[in-house]
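Structure record follows, encoded as structure tokens.
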Amino acid sequence: MKRILISQRVDVIESYKERRDALDQNWARFLYNAGFLGIPVFNHEETLKELLVSAQIDGIILSGGNSHAEYGGSAPERDKTDNCLISYASDKKLPLLGVCRGMQSIAIYFGGSLQKVTGHTAVRHNIDINRNVNSYHEYSPSALPDSLEIISKSQDGQIEYIKHKEFPITGIMWHPERESPFKEEDINLIKIIFGGN
């Protein structure tokens with residue numbers, strides 16, 4: 001079974017004075033259903049670098065959650081994790097999928113920017129590749145560098161799906177793990193990205 005590293009959101013629990021890494025359990029179910037083994041990673045730069053050196057991995061997912069620090073978010077360690085993983089994937093030509101915040105991270109990393117949007121939180125909408133997808137984001141890429149290709153937009157013109165022109169790096173703004181049941185189109189997309197059966 002191919003092994004896919006997956007980043008985690010940061011939950012701040014003030015009553016315990018803790019910053020917790022967290023991941024929806026549906027990610028494990030979704031990846032297993034698609035034929036992959038998901039491996040969560042800590043938002044700790046030194047641990048992550050050691051893991052990348054020592055572990056045999058076949059791909060990376062940047063999961064959703066937390067706004068970027070430069071856009072008002074409170075988890076700068078998450079930004080470092082995403083940047084480290086994108087850098088590693090680019091260097092090793094390793095498949096990487098960014099989901100929601102993960103796609104935003106890809107856009108920022110390669111020189112793009114974000115804008116605040118309305119009407120994209122806890123709704124469903126159509127995108128122009130004949131799909132109806134869920135939407136849970138407040139920010140969307142507003143500008144992309146030439147290295148990133150737009151694959152699909154929403155009906156109101158927001159960027160929903162991108163690919164890097166040189167590296168095997170893909171970004172989507174919807175959450176495949178939040179579908180019940182999981183969508184066959186999302187399972188097929190994951191298999192295409194990570195080379196599943």
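Residues are referred to by chain and number: the chain letter is A, B, ... according to the order shown in the structure tokens, the number counts from 1 in that chain, and ligands are numbered separately from 1 in the order shown.
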List the spatial neighbours of segment 3-20 of chain A as a short mmCIF file (atom, residue, chain, number, x, y, z; two decimals) with N, CA and C atoms, in the first residue's frame - criterion: any atom at most 6 Å away, only C-alpha atoms, same-chain residues fewer than 5 positions off excluded.
data_model
loop_
_atom_site.label_atom_id
_atom_site.label_comp_id
_atom_site.auth_asym_id
_atom_site.auth_seq_id
_atom_site.Cartn_x
_atom_site.Cartn_y
_atom_site.Cartn_z
N LEU A 37 -2.36 4.40 2.34
CA LEU A 37 -2.18 4.48 3.79
C LEU A 37 -1.81 5.90 4.15
N GLY A 38 -2.68 6.60 4.89
CA GLY A 38 -2.42 7.96 5.31
C GLY A 38 -1.58 8.02 6.57
N ILE A 39 -0.57 8.89 6.59
CA ILE A 39 0.32 9.04 7.75
C ILE A 39 0.34 10.51 8.16
N PRO A 40 -0.33 10.87 9.26
CA PRO A 40 -0.33 12.27 9.72
C PRO A 40 1.06 12.71 10.16
N VAL A 41 1.36 13.99 9.94
CA VAL A 41 2.65 14.54 10.35
C VAL A 41 2.44 15.67 11.36
N ILE A 57 8.05 7.42 1.55
CA ILE A 57 6.72 7.93 1.27
C ILE A 57 6.51 8.02 -0.24
N ASP A 58 5.26 7.95 -0.63
CA ASP A 58 4.91 7.94 -2.05
C ASP A 58 4.16 9.19 -2.47
N GLY A 59 3.76 10.03 -1.53
CA GLY A 59 3.03 11.24 -1.86
C GLY A 59 2.72 12.04 -0.62
N ILE A 60 2.18 13.24 -0.84
CA ILE A 60 1.89 14.17 0.26
C ILE A 60 0.54 14.82 0.01
N ILE A 61 -0.23 14.98 1.10
CA ILE A 61 -1.46 15.77 1.06
C ILE A 61 -1.34 16.90 2.06
N LEU A 62 -1.64 18.12 1.61
CA LEU A 62 -1.78 19.26 2.51
C LEU A 62 -3.27 19.40 2.79
N SER A 63 -3.68 19.10 4.01
CA SER A 63 -5.10 19.10 4.35
C SER A 63 -5.61 20.52 4.60
N GLY A 65 -7.89 23.60 6.79
CA GLY A 65 -7.91 24.13 8.16
C GLY A 65 -6.86 25.20 8.38
#
Could you give me, as a short mmCIF file (atom, residue, chain, number, x, y, z; two decimals) with N, CA and C atoms, in the first residue's frame, the residues within 8 Å of segment 151-157 of chain A, counting only C-alpha atoms and dropping anything in the same chain fewer than 6 positions from it?
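This went into selection_23.cif:
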data_model
loop_
_atom_site.label_atom_id
_atom_site.label_comp_id
_atom_site.auth_asym_id
_atom_site.auth_seq_id
_atom_site.Cartn_x
_atom_site.Cartn_y
_atom_site.Cartn_z
N HIS A 125 -21.57 24.01 -4.66
CA HIS A 125 -21.72 24.77 -5.90
C HIS A 125 -21.11 23.97 -7.06
N ASN A 126 -21.45 24.39 -8.27
CA ASN A 126 -20.93 23.74 -9.46
C ASN A 126 -19.61 24.37 -9.86
N ILE A 127 -18.73 23.53 -10.42
CA ILE A 127 -17.51 24.03 -11.03
C ILE A 127 -17.52 23.62 -12.50
N ASP A 128 -16.70 24.28 -13.30
CA ASP A 128 -16.84 24.15 -14.75
C ASP A 128 -16.20 22.91 -15.38
N ILE A 129 -16.02 21.85 -14.57
CA ILE A 129 -15.65 20.55 -15.13
C ILE A 129 -16.80 19.56 -14.88
N LYS A 163 -3.05 22.96 -11.28
CA LYS A 163 -1.93 22.02 -11.42
C LYS A 163 -0.68 22.81 -11.73
#
Closest of A:Asn33, A:Gln104, A:Tyr136, A:Ser147 to Tyr161 of chain A - atom-to-atom distances counting only C-alpha atoms: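 Ranked by minimum distance to Tyr161 of chain A, first place goes to A:Gln104.
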All alpha helix (DSSP H) positions in segment 35-67 of chain A, as a list in words: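 DSSP on the backbone gives alpha helix (DSSP H) at Glu45, Glu46, Thr47, Leu48, Lys49, Glu50, Leu51, Leu52, Val53 and Ser54 of chain A.
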Contacts of Ala69 of chain A at 12 Å (only C-alpha atoms; same-chain gap of 2+ positions) as a list in words: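 Final neighbour list, sorted by chain and number: Asn66, Ser67, Tyr71, Gly72, Gly73, Ser74, Ala75, Pro76, Glu77, Arg78, Asp79, Lys80, Arg101, Ser105 and Ile108 of chain A.
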Near-Gly119 of chain A list (9 Å; only C-alpha atoms; drop same-chain fewer than 3 positions) as a ChimeraX atom specification: /A:122-123,135,137-138
Contacts of His164 of chain A within 10 Å, only C-alpha atoms, excl. fewer than 4 positions in-chain, as a PyMOL selection string: chain A and resi 90+106-107+110+145-150+168-171
Same residues, N, CA and C atoms, output as a compact mmCIF listing (two decimals), in the first residue's frame:
# COMPACT_ATOMS: atom_id res chain seq x y z
N SER A 90 8.60 19.26 -4.54
CA SER A 90 9.17 19.86 -5.75
C SER A 90 10.55 19.30 -6.03
N ILE A 106 -0.12 26.14 -1.88
CA ILE A 106 0.57 25.97 -3.17
C ILE A 106 0.63 27.31 -3.91
N ALA A 107 -0.51 27.98 -3.97
CA ALA A 107 -0.56 29.27 -4.67
C ALA A 107 0.43 30.26 -4.07
N PHE A 110 4.33 29.40 -4.63
CA PHE A 110 4.87 29.66 -5.97
C PHE A 110 4.70 31.11 -6.43
N PRO A 145 0.89 32.48 -10.35
CA PRO A 145 2.05 32.65 -11.22
C PRO A 145 1.88 31.81 -12.49
N ASP A 146 2.71 32.06 -13.47
CA ASP A 146 2.64 31.33 -14.74
C ASP A 146 2.89 29.84 -14.57
N SER A 147 3.57 29.45 -13.49
CA SER A 147 3.89 28.04 -13.28
C SER A 147 2.67 27.20 -12.90
N LEU A 148 1.58 27.86 -12.50
CA LEU A 148 0.37 27.14 -12.10
C LEU A 148 -0.73 27.33 -13.14
N GLU A 149 -1.34 26.22 -13.52
CA GLU A 149 -2.40 26.22 -14.53
C GLU A 149 -3.76 26.09 -13.85
N ILE A 150 -4.71 26.90 -14.25
CA ILE A 150 -6.08 26.78 -13.73
C ILE A 150 -6.80 25.68 -14.50
N PRO A 168 4.59 17.40 -10.18
CA PRO A 168 3.32 16.68 -9.98
C PRO A 168 2.55 17.20 -8.76
N ILE A 169 2.21 18.47 -8.81
CA ILE A 169 1.55 19.16 -7.70
C ILE A 169 0.19 19.65 -8.17
N THR A 170 -0.85 19.27 -7.40
CA THR A 170 -2.24 19.58 -7.73
C THR A 170 -2.90 20.24 -6.53
N GLY A 171 -3.84 21.14 -6.78
CA GLY A 171 -4.60 21.76 -5.70
C GLY A 171 -6.08 21.78 -6.03
Point-to-point distance from atom CA of Gly196 of chain A to atom CA of Phe36 of chain A, Å rounded to tenths: 7.8 Å
Per-residue DSSP, segment 15-184 of chain A, filtered to strand (DSSP E or B), as a ChimeraX atom specification: /A:18-22,36-40,59-62,96-99,113-116,121-127,131-136,139-143,148-154,159-164,169-172
Separation of atom CA of His175 of chain A from atom CA of Cys84 of chain A in Å: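 According to the coordinates, atom CA of Cys84 of chain A and atom CA of His175 of chain A are separated by 22.1 Å.
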Contact residues around Lys92 of chain A with only C-alpha atoms at 10 Å, ignoring same-chain residues under 5 positions, as a ChimeraX atom specification: /A:86-87,167-168
For atom CA of Lys191 of chain A and atom CA of Gly111 of chain A, the interatomic separation in Å (one decimal):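 Here the two named atoms are 27.8 Å from each other.
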From A:Ile159, A:Asp91, A:Leu144, A:Asn188, residue lying nearest Gly112 of chain A [only C-alpha atoms]: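 Ranking A:Ile159, A:Asp91, A:Leu144, A:Asn188 by distance to Gly112 of chain A, first place goes to A:Leu144.
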